[in-house]
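Text of the file my_file.cif, holding mmCIF, C-alpha atoms:
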```cif
data_run
#
loop_
_atom_site.label_atom_id
_atom_site.label_comp_id
_atom_site.auth_asym_id
_atom_site.auth_seq_id
_atom_site.Cartn_x
_atom_site.Cartn_y
_atom_site.Cartn_z
CA MET N 211 -85.90 63.66 53.05
CA LYS N 212 -85.10 66.16 50.22
CA LYS N 213 -88.29 65.10 48.41
CA VAL N 214 -90.27 65.83 51.55
CA ILE N 215 -88.74 69.30 51.94
CA ILE N 216 -89.52 70.05 48.27
CA THR N 217 -93.11 68.84 48.78
CA ILE N 218 -93.56 71.07 51.85
CA CYS N 219 -92.16 74.06 49.90
CA LEU N 220 -94.59 73.38 47.03
CA ILE N 221 -97.51 73.20 49.43
CA LEU N 222 -96.49 76.50 51.02
CA THR N 223 -96.05 78.08 47.53
CA VAL N 224 -99.64 77.09 46.65
CA GLN N 225 -100.72 78.64 49.92
CA VAL N 226 -99.18 81.95 48.85
CA GLY N 227 -100.17 81.72 45.15
CA VAL N 228 -103.85 80.81 45.55
CA PRO N 229 -104.94 84.11 47.15
CA ASN N 230 -103.54 86.11 44.16
CA ILE N 231 -105.33 83.91 41.62
CA VAL N 232 -108.60 84.00 43.54
CA LEU N 233 -108.56 87.79 43.96
CA ALA N 234 -107.77 88.24 40.26
CA GLU N 235 -110.83 86.19 39.31
CA ASN N 236 -113.08 87.98 41.80
CA PRO N 237 -111.94 91.58 41.99
CA SER N 238 -115.25 93.05 43.19
CA SER N 239 -117.73 92.15 45.91
CA SER N 240 -116.45 92.62 49.46
CA THR N 241 -118.74 89.79 50.68
CA SER N 242 -117.25 87.18 48.40
CA SER N 243 -113.76 88.53 49.21
CA ALA N 244 -114.38 87.97 52.92
CA GLU N 245 -115.63 84.48 52.21
CA PHE N 246 -112.57 83.72 50.19
CA GLN N 247 -110.31 85.07 52.91
CA SER N 248 -112.05 82.83 55.42
CA LYS N 249 -111.68 79.81 53.18
CA LEU N 250 -108.06 80.62 52.58
CA ARG N 251 -107.36 80.89 56.30
CA SER N 252 -108.87 77.46 56.92
CA LEU N 253 -106.87 76.09 53.98
CA GLN N 254 -103.69 77.57 55.42
CA THR N 255 -104.44 76.00 58.80
CA GLU N 256 -105.09 72.64 57.19
CA ILE N 257 -101.87 72.77 55.17
CA ALA N 258 -99.83 73.80 58.23
CA SER N 259 -101.36 70.95 60.22
CA LYS N 260 -100.57 68.40 57.50
CA ALA N 261 -97.02 69.71 57.12
CA ALA N 262 -96.49 69.44 60.89
CA LYS N 263 -97.87 65.90 60.90
CA LEU N 264 -95.59 64.96 57.99
CA LYS N 265 -92.59 66.43 59.78
CA GLN N 266 -93.50 64.47 62.92
CA GLU N 267 -93.72 61.20 60.97
CA ILE N 268 -90.35 61.80 59.40
CA SER N 269 -88.77 62.64 62.77
CA LYS N 270 -90.19 59.45 64.20
CA ARG N 271 -88.52 57.40 61.49
CA LEU N 272 -85.17 58.97 62.25
CA GLU N 273 -85.36 58.48 66.01
CA ASP N 274 -84.65 55.41 68.09
CA LYS N 275 -82.46 53.43 65.75
CA ALA N 276 -80.03 50.58 66.39
CA TYR N 277 -76.97 49.80 64.30
CA ILE N 278 -75.45 46.42 65.08
CA GLY N 279 -72.44 44.81 63.47
CA LYS N 280 -68.70 44.27 63.33
CA ILE N 281 -66.32 47.21 63.38
CA THR N 282 -64.43 47.87 60.18
CA SER N 283 -62.76 51.15 61.18
CA THR N 284 -62.57 53.54 64.12
CA THR N 285 -61.43 57.07 64.83
CA ASP N 286 -62.02 59.14 67.96
CA GLU N 287 -65.40 60.30 66.67
CA ILE N 288 -66.48 57.97 63.87
CA ILE N 289 -66.94 54.20 63.77
CA THR N 290 -67.96 52.24 60.69
CA ILE N 291 -69.45 48.77 60.92
CA ASN N 292 -70.71 46.06 58.62
CA ASN N 293 -74.15 44.98 59.77
CA GLN N 294 -75.79 41.57 59.44
CA ASN N 295 -76.97 42.39 55.92
CA GLY N 296 -73.43 43.27 54.84
CA GLU N 297 -74.30 46.97 54.73
CA GLU N 298 -71.78 49.55 55.86
CA LYS N 299 -73.12 51.86 58.57
CA THR N 300 -71.55 54.97 60.06
CA ILE N 301 -71.76 55.89 63.73
CA LYS N 302 -70.84 59.24 65.22
CA LEU N 303 -69.65 59.50 68.81
CA ASN N 304 -69.82 62.57 71.02
CA GLU N 305 -69.43 63.65 74.65
CA PHE N 306 -72.92 62.30 75.48
CA THR N 307 -72.27 58.74 74.28
CA ASN N 308 -72.44 56.12 77.03
CA TYR N 309 -70.17 53.12 76.67
CA LEU N 310 -70.63 49.64 78.06
CA ASP N 311 -68.83 46.34 77.65
CA ILE N 312 -71.43 43.63 78.34
CA VAL N 313 -68.88 40.87 77.79
CA LYS N 314 -66.81 42.04 80.75
CA ASN N 315 -69.75 43.88 82.37
CA LYS N 316 -67.92 47.13 82.86
CA LYS N 317 -67.50 50.55 81.30
CA LEU N 318 -65.72 50.67 78.01
CA SER N 319 -63.09 52.95 76.56
CA VAL N 320 -63.38 53.69 72.86
CA SER N 321 -59.66 53.23 72.37
CA SER N 322 -60.01 49.59 73.36
CA LEU N 323 -62.34 48.84 70.43
CA LEU N 324 -60.78 46.80 67.66
CA ASN N 325 -61.76 45.91 64.12
CA SER N 326 -64.05 42.86 64.08
CA ASP N 327 -65.42 43.65 67.55
CA THR N 328 -69.19 43.40 67.62
CA ILE N 329 -70.96 46.51 68.83
CA ILE N 330 -74.54 47.62 69.34
CA THR N 331 -75.12 51.34 68.94
CA LEU N 332 -78.38 53.09 69.84
CA GLY N 333 -79.40 56.62 68.93
CA ASP N 334 -80.96 58.76 66.19
CA ILE N 335 -79.98 58.95 62.56
CA ASP N 336 -79.67 61.98 60.30
CA ASP N 337 -80.67 62.47 56.65
CA ASN N 338 -77.55 60.62 55.54
CA GLY N 339 -78.21 57.60 57.70
CA VAL N 340 -75.40 58.44 60.15
CA LEU N 341 -76.32 57.38 63.66
CA THR N 342 -75.31 59.62 66.56
CA ALA N 343 -74.74 57.14 69.35
CA LYS N 344 -76.36 57.77 72.71
CA LYS N 345 -75.24 54.33 73.81
CA LEU N 346 -72.51 52.02 72.52
CA ILE N 347 -72.38 48.43 73.76
CA LYS N 348 -69.57 46.03 73.06
CA ALA N 349 -71.04 42.53 72.72
CA ASP N 350 -69.91 39.01 72.03
CA ASN N 351 -69.78 37.95 68.36
CA SER N 352 -72.29 35.22 69.15
CA VAL N 353 -75.09 37.78 69.41
CA LEU N 354 -75.07 38.13 65.64
CA ASN N 355 -77.74 36.16 63.85
CA ASN N 356 -76.88 33.00 61.95
CA ARG N 357 -80.44 31.80 61.46
CA GLU N 358 -81.53 31.00 57.89
CA ILE N 359 -84.55 29.68 56.04
CA ILE N 360 -84.14 26.78 53.63
CA TYR N 361 -86.91 25.65 51.25
CA GLY N 362 -86.81 22.69 48.93
CA THR N 363 -87.76 19.15 48.01
CA VAL N 364 -86.65 16.21 50.13
CA THR N 365 -84.36 13.92 48.17
CA ASP N 366 -83.14 11.63 50.93
CA LEU N 367 -83.88 10.80 54.56
CA LYS N 368 -81.40 9.27 56.93
CA GLU N 369 -81.66 8.70 60.66
CA LYS N 370 -81.59 12.31 61.89
CA LYS N 371 -80.71 13.91 58.59
CA ILE N 372 -82.86 15.36 55.83
CA VAL N 373 -81.34 16.00 52.43
CA LEU N 374 -83.14 18.49 50.23
CA LYS N 375 -82.64 20.35 47.01
CA ASP N 376 -83.82 23.91 46.47
CA SER N 377 -85.12 25.53 43.26
CA ASN N 378 -81.54 26.39 42.26
CA LYS N 379 -80.65 22.70 42.52
CA LYS N 380 -78.43 23.38 45.54
CA THR N 381 -78.34 20.51 48.00
CA PHE N 382 -78.62 20.97 51.76
CA GLU N 383 -78.19 18.49 54.56
CA ILE N 384 -80.20 19.37 57.63
CA VAL N 385 -79.78 17.70 60.97
CA VAL N 386 -82.58 17.45 63.51
CA ASP N 387 -82.36 16.84 67.24
CA LYS N 388 -84.72 16.37 70.18
CA ASP N 389 -85.53 20.08 70.26
CA THR N 390 -86.56 20.31 66.61
CA THR N 391 -90.28 20.96 66.16
CA PHE N 392 -92.26 19.81 63.12
CA GLN N 393 -95.51 21.06 61.68
CA THR N 394 -97.73 20.31 58.72
CA GLY N 395 -100.74 22.49 57.96
CA LYS N 396 -101.94 23.64 61.38
CA TYR N 397 -100.89 20.44 63.14
CA ASP N 398 -97.82 19.22 64.96
CA ALA N 399 -95.89 16.64 63.01
CA ARG N 400 -92.86 14.38 63.35
CA LEU N 401 -89.73 13.51 61.42
CA SER N 402 -91.46 10.30 60.33
CA ASP N 403 -94.11 12.38 58.51
CA ILE N 404 -91.51 13.58 56.03
CA ARG N 405 -91.29 11.70 52.75
CA VAL N 406 -88.96 11.90 49.78
CA ASN N 407 -90.29 14.33 47.12
CA LYS N 408 -92.21 16.30 49.75
CA SER N 409 -91.56 20.04 50.05
CA ILE N 410 -90.33 21.39 53.36
CA THR N 411 -89.00 24.60 54.76
CA ALA N 412 -86.69 24.68 57.76
CA VAL N 413 -85.38 27.33 60.15
CA VAL N 414 -81.73 26.41 60.59
CA THR N 415 -78.57 27.64 62.23
CA LEU N 416 -75.08 26.79 61.08
CA THR N 417 -73.24 25.13 63.96
CA HIS N 418 -69.54 25.21 64.74
CA ASP N 419 -69.24 21.88 62.92
CA ALA N 420 -70.56 23.52 59.73
CA VAL N 421 -73.81 21.56 60.06
CA TYR N 422 -77.29 23.00 59.48
CA LEU N 423 -79.26 22.26 62.62
CA ALA N 424 -83.02 22.65 62.23
CA ARG N 425 -85.00 24.39 64.95
CA PHE N 426 -88.29 24.11 63.05
CA VAL N 427 -89.42 22.13 60.02
CA TYR N 428 -92.66 22.78 58.14
CA ILE N 429 -93.94 20.06 55.81
CA PHE N 430 -95.94 21.52 52.95
CA PRO N 431 -99.07 19.66 51.89
CA TYR N 432 -97.82 19.79 48.27
CA SER N 433 -94.75 18.92 46.28
CA ILE N 434 -92.99 21.67 44.38
CA GLN N 435 -94.19 21.92 40.77
CA ILE N 436 -91.62 22.61 38.13
CA LYS N 437 -92.75 25.51 35.89
CA SER N 438 -93.22 24.40 32.26
CA LYS N 439 -91.48 26.64 29.71
CA THR N 440 -94.12 26.39 26.96
CA SER N 441 -97.79 27.17 27.36
CA THR N 442 -100.48 25.17 25.63
CA GLN N 443 -103.80 26.24 24.22
CA SER N 444 -106.92 24.20 24.11
CA ALA N 445 -108.92 24.23 20.88
CA THR N 446 -112.40 23.22 19.88
CA GLU N 447 -113.64 22.64 16.41
CA MET Y 70 -115.64 19.05 -6.73
CA ASN Y 71 -114.08 21.09 -3.98
CA PRO Y 72 -113.15 19.20 -0.86
CA PRO Y 73 -115.36 20.12 2.14
CA GLN Y 74 -113.88 23.04 4.04
CA LYS Y 75 -112.95 22.47 7.60
CA ALA Y 76 -114.59 24.70 10.12
CA PRO Y 77 -112.06 27.16 11.53
CA LEU Y 78 -110.46 26.21 14.82
CA LEU Y 79 -111.81 28.17 17.74
CA PHE Y 80 -109.36 28.87 20.51
CA LYS Y 81 -110.80 29.43 23.89
CA ASP Y 82 -109.05 30.83 26.96
CA PRO Y 83 -106.52 28.49 28.64
CA VAL Y 84 -108.10 26.22 31.21
CA THR Y 85 -105.56 27.24 33.85
CA THR Y 86 -104.81 30.84 34.76
CA ALA Y 87 -101.26 32.15 34.50
CA PRO Y 88 -99.26 31.76 37.72
CA VAL Y 89 -98.98 34.89 39.81
CA SER Y 90 -95.39 35.93 40.50
CA LEU Y 91 -94.42 35.56 44.15
CA THR Y 92 -94.00 38.89 45.93
CA LEU Y 93 -93.18 39.90 49.48
CA ASN Y 94 -93.28 43.42 50.84
CA LEU Y 95 -92.71 43.86 54.56
CA THR Y 96 -94.38 47.17 55.41
CA GLY Y 97 -93.52 47.09 59.10
CA PRO Y 98 -91.50 47.34 61.20
CA ASP Y 99 -88.64 49.47 59.85
CA ASP Y 100 -85.20 47.89 59.90
CA ASN Y 101 -82.63 48.78 62.59
CA LYS Y 102 -85.33 49.91 64.97
CA LEU Y 103 -84.96 50.49 68.70
CA VAL Y 104 -88.14 49.66 70.61
CA TYR Y 105 -89.20 49.82 74.23
CA GLU Y 106 -92.17 47.42 74.12
CA PRO Y 107 -91.95 43.62 74.39
CA GLU Y 108 -94.32 43.02 71.45
CA LEU Y 109 -94.05 44.16 67.89
CA LEU Y 110 -96.52 44.07 65.01
CA ILE Y 111 -95.15 42.54 61.81
CA HIS Y 112 -97.21 43.32 58.72
CA GLY Y 113 -96.88 43.14 54.99
CA GLN Y 114 -98.14 41.88 51.67
CA SER Y 115 -97.47 38.87 49.52
CA THR Y 116 -99.44 36.95 46.91
CA PRO Y 117 -103.00 35.97 47.93
CA ASN Y 118 -103.34 32.80 50.02
CA ALA Y 119 -99.55 32.37 50.22
CA THR Y 120 -97.79 30.50 53.02
CA VAL Y 121 -95.60 32.79 55.11
CA LEU Y 122 -93.05 31.81 57.75
CA LEU Y 123 -92.33 34.30 60.55
CA SER Y 124 -89.16 33.47 62.45
CA SER Y 125 -88.10 35.47 65.48
CA GLU Y 126 -85.56 34.84 68.24
CA ASN Y 127 -87.93 32.64 70.21
CA SER Y 128 -90.59 31.40 67.79
CA ASP Y 129 -91.33 30.16 64.30
CA GLU Y 130 -94.87 30.48 62.99
CA ILE Y 131 -96.63 29.62 59.77
CA ILE Y 132 -99.43 31.91 58.67
CA SER Y 133 -101.38 32.48 55.47
CA THR Y 134 -101.98 35.70 53.65
CA ASP Y 135 -105.58 36.71 53.10
CA GLN Y 136 -107.42 36.89 49.80
CA VAL Y 137 -105.64 40.08 48.80
CA GLY Y 138 -102.24 39.00 50.13
CA ASN Y 139 -102.13 40.90 53.44
CA PHE Y 140 -100.73 39.43 56.64
CA SER Y 141 -99.95 40.65 60.14
CA LYS Y 142 -98.84 39.10 63.41
CA LEU Y 143 -97.88 40.32 66.87
CA LEU Y 144 -94.50 38.89 67.83
CA LYS Y 145 -92.96 38.70 71.30
CA LEU Y 146 -89.44 40.11 71.48
CA ASP Y 147 -86.43 39.03 73.49
CA LYS Y 148 -84.50 41.66 75.40
CA GLY Y 149 -81.67 42.88 73.19
CA ILE Y 150 -81.19 41.94 69.54
CA ASN Y 151 -84.10 40.39 67.65
CA THR Y 152 -83.56 39.23 64.08
CA ILE Y 153 -86.91 38.69 62.42
CA ILE Y 154 -87.02 36.70 59.19
CA VAL Y 155 -90.14 36.63 57.03
CA SER Y 156 -90.35 34.23 54.09
CA ALA Y 157 -93.15 33.69 51.60
CA PHE Y 158 -93.40 30.55 49.46
CA ASP Y 159 -95.10 29.50 46.26
CA THR Y 160 -95.69 26.03 44.84
CA TYR Y 161 -92.92 26.39 42.25
CA GLY Y 162 -90.08 26.26 44.73
CA ASN Y 163 -89.69 30.02 44.94
CA ALA Y 164 -89.23 31.84 48.21
CA LYS Y 165 -88.93 35.54 48.99
CA THR Y 166 -87.32 36.56 52.26
CA GLU Y 167 -86.99 39.81 54.15
CA LYS Y 168 -85.14 40.44 57.42
CA ARG Y 169 -85.45 43.05 60.11
CA THR Y 170 -83.07 43.75 62.98
CA ILE Y 171 -84.85 45.12 66.02
CA TYR Y 172 -83.33 46.02 69.39
CA TYR Y 173 -85.62 45.78 72.40
CA SER Y 174 -84.48 47.82 75.38
CA THR Y 175 -86.25 48.11 78.72
CA ASP Y 176 -84.32 51.33 79.47
CA LYS Y 177 -85.19 54.46 77.55
CA LEU Y 178 -82.18 56.31 76.14
#
```
Just dump the structure as structure tokens.
Amino acid sequence: MKKVIITICLILTVQVGVPNIVLAENPSSSTSSAEFQSKLRSLQTEIASKAAKLKQEISKRLEDKAYIGKITSTTDEIITINNQNGEEKTIKLNEFTNYLDIVKNKKLSVSSLLNSDTIITLGDIDDNGVLTAKKLIKADNSVLNNREIIYGTVTDLKEKKIVLKDSNKKTFEIVVDKDTTFQTGKYDARLSDIRVNKSITAVVTLTHDAVYLARFVYIFPYSIQIKSKTSTQSATE
Amino acid sequence: MNPPQKAPLLFKDPVTTAPVSLTLNLTGPDDNKLVYEPELLIHGQSTPNATVLLSSENSDEIISTDQVGNFSKLLKLDKGINTIIVSAFDTYGNAKTEKRTIYYSTDKL
């Protein structure tokens, strides 16, 4: 935001500075002076229009934001949360904030909010990323995402379980069920199309039993190549 | 008598080109966005002809980037929180992932 303000100031400085330079280079001739004035006016209009457009784009990026996460601290006017990316976000409350508890489906009092409660806050943010909440919703912890993407080479296949290893040699066990969909290329596929040493990627969620359940599995038409550390040159005599 | 001199070795360019590093840049939408429309355009850039997985609350789709690495897709949103995960893959086992949290509301603030 500061960079933008500096840019706008520089543009406006040019707008003021150019007339002086131009008049110094062309001191005589009233005709050319009038032409220059006309050109300068259109330049000023163009610059003002671009500055206004820039300001509008910036405003748009600051409006209509949603901060979602678990509360880490609260006061009467400020709440901090950790969002799904582990980032700390600050929310400001005021007399216009509407509160709702969708778990109990009733209005909420701020004093009832506790650390580790999951909240959804909607509003606009300022230059420092602080969101002024127009609406604060207390939600169930289950609304937070636990979906992940796993990518690796299949090392073992059991009845409803796929074992794979990723590029960091970490092993994952993925379970499939009747709702799991499979695809290879542009076509639907099945569990039986998966082979050891094939590369797959899976959209998984971690269940309460600490098991990765796959919602979707994509079978790549290739196996992962291991990068060689030395390069070779071909030579002809 | 001097032994016959060997002709100098001539090195030509490697037969295979160097692998391009996997990249992923999600240019839209912005993170932590509140929207009022049920569809949202996801767009970005990765390496050319890469495989990209787009995972939203209600769908998982595989698309390919074009010859310069661009991709875009219109995704349907669920009411409320939508976590969108975009992953690009190369053939060396590498994956790059970006996430966006979007809140779809039918009521304007």
Exercise for the section: Just the residues within 12 Å of Tyr172 of chain Y, please, counting all atoms listed in the file, with nothing from its chain fewer than 3 positions along; format it as a ChimeraX atom specification. Expected result: /N:274-278,330-333,353 /Y:98-109,126,146-153,169,175-177
Handout entry: Residue members of the PyMOL selection byres ((chain N and resi 318) around 12) in the file shown, as a ChimeraX atom specification
Key = /N:307-317,319-323,329,345-349
Handout entry: d(atom CA of Lys388 of chain N, atom CA of Lys370 of chain N) in Å
Key =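 Taking atom CA of Lys388 of chain N and atom CA of Lys370 of chain N, their separation equals 9.7 Å.
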Exercise for the section: Would you list the contacts of segment 127-140 of chain Y as JSON, numbers by chain, taking every protein, DNA or RNA residue within 6 Å and counting only C-alpha atoms, but skipping same-chain residues closer than 5 positions in sequence? Expected result: {"Y": [112, 113, 114, 115, 116, 117, 118, 119, 120, 121, 122]}
Neighbours of Ser90 of chain Y within 12 Å (only C-alpha atoms; same-chain residues fewer than 6 positions away dropped), as a short mmCIF file (atom, residue, chain, number, x, y, z; two decimals) with C-alpha atoms, keeping the file's coordinate frame?
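Once everything was written out, this is around-v3.cif:
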```cif
data_model
loop_
_atom_site.label_atom_id
_atom_site.label_comp_id
_atom_site.auth_asym_id
_atom_site.auth_seq_id
_atom_site.Cartn_x
_atom_site.Cartn_y
_atom_site.Cartn_z
CA LYS N 437 -92.75 25.51 35.89
CA SER Y 115 -97.47 38.87 49.52
CA THR Y 116 -99.44 36.95 46.91
CA PRO Y 117 -103.00 35.97 47.93
CA ALA Y 119 -99.55 32.37 50.22
CA ALA Y 157 -93.15 33.69 51.60
CA PHE Y 158 -93.40 30.55 49.46
CA ASP Y 159 -95.10 29.50 46.26
CA THR Y 160 -95.69 26.03 44.84
CA TYR Y 161 -92.92 26.39 42.25
CA GLY Y 162 -90.08 26.26 44.73
CA ASN Y 163 -89.69 30.02 44.94
CA ALA Y 164 -89.23 31.84 48.21
CA LYS Y 165 -88.93 35.54 48.99
#
```
Handout entry: Selection result of the PyMOL selection byres ((chain Y and resi 166) around 6) on this file, as a PyMOL selection string
Key = chain Y and resi 155-156+165+167
Handout entry: Shortest interatomic distance to chain N - which of Y:Leu143, Y:Leu178, Y:Ile111, Y:Leu93, counting all atoms listed in the file
Key =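 Smallest distance to chain N is found for Y:Leu178.
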Exercise for the section: Excluding Ile372 of chain N and any residue of its chain fewer than 5 positions from it, enumerate the residues within 10 Å of it, using all atoms listed in the file, and give them as an MDAnalysis selection string. Expected result: chainID N and resid 363:367 382:386 401 404:406 410 424
Practice task
Determine the residue membership of the PyMOL selection byres ((chain N and resi 299-306) around 9) for the file above and supply it as a ChimeraX atom specification.
Solution key: /N:277-279,286-293,297-298,307-308,331,335,339-346
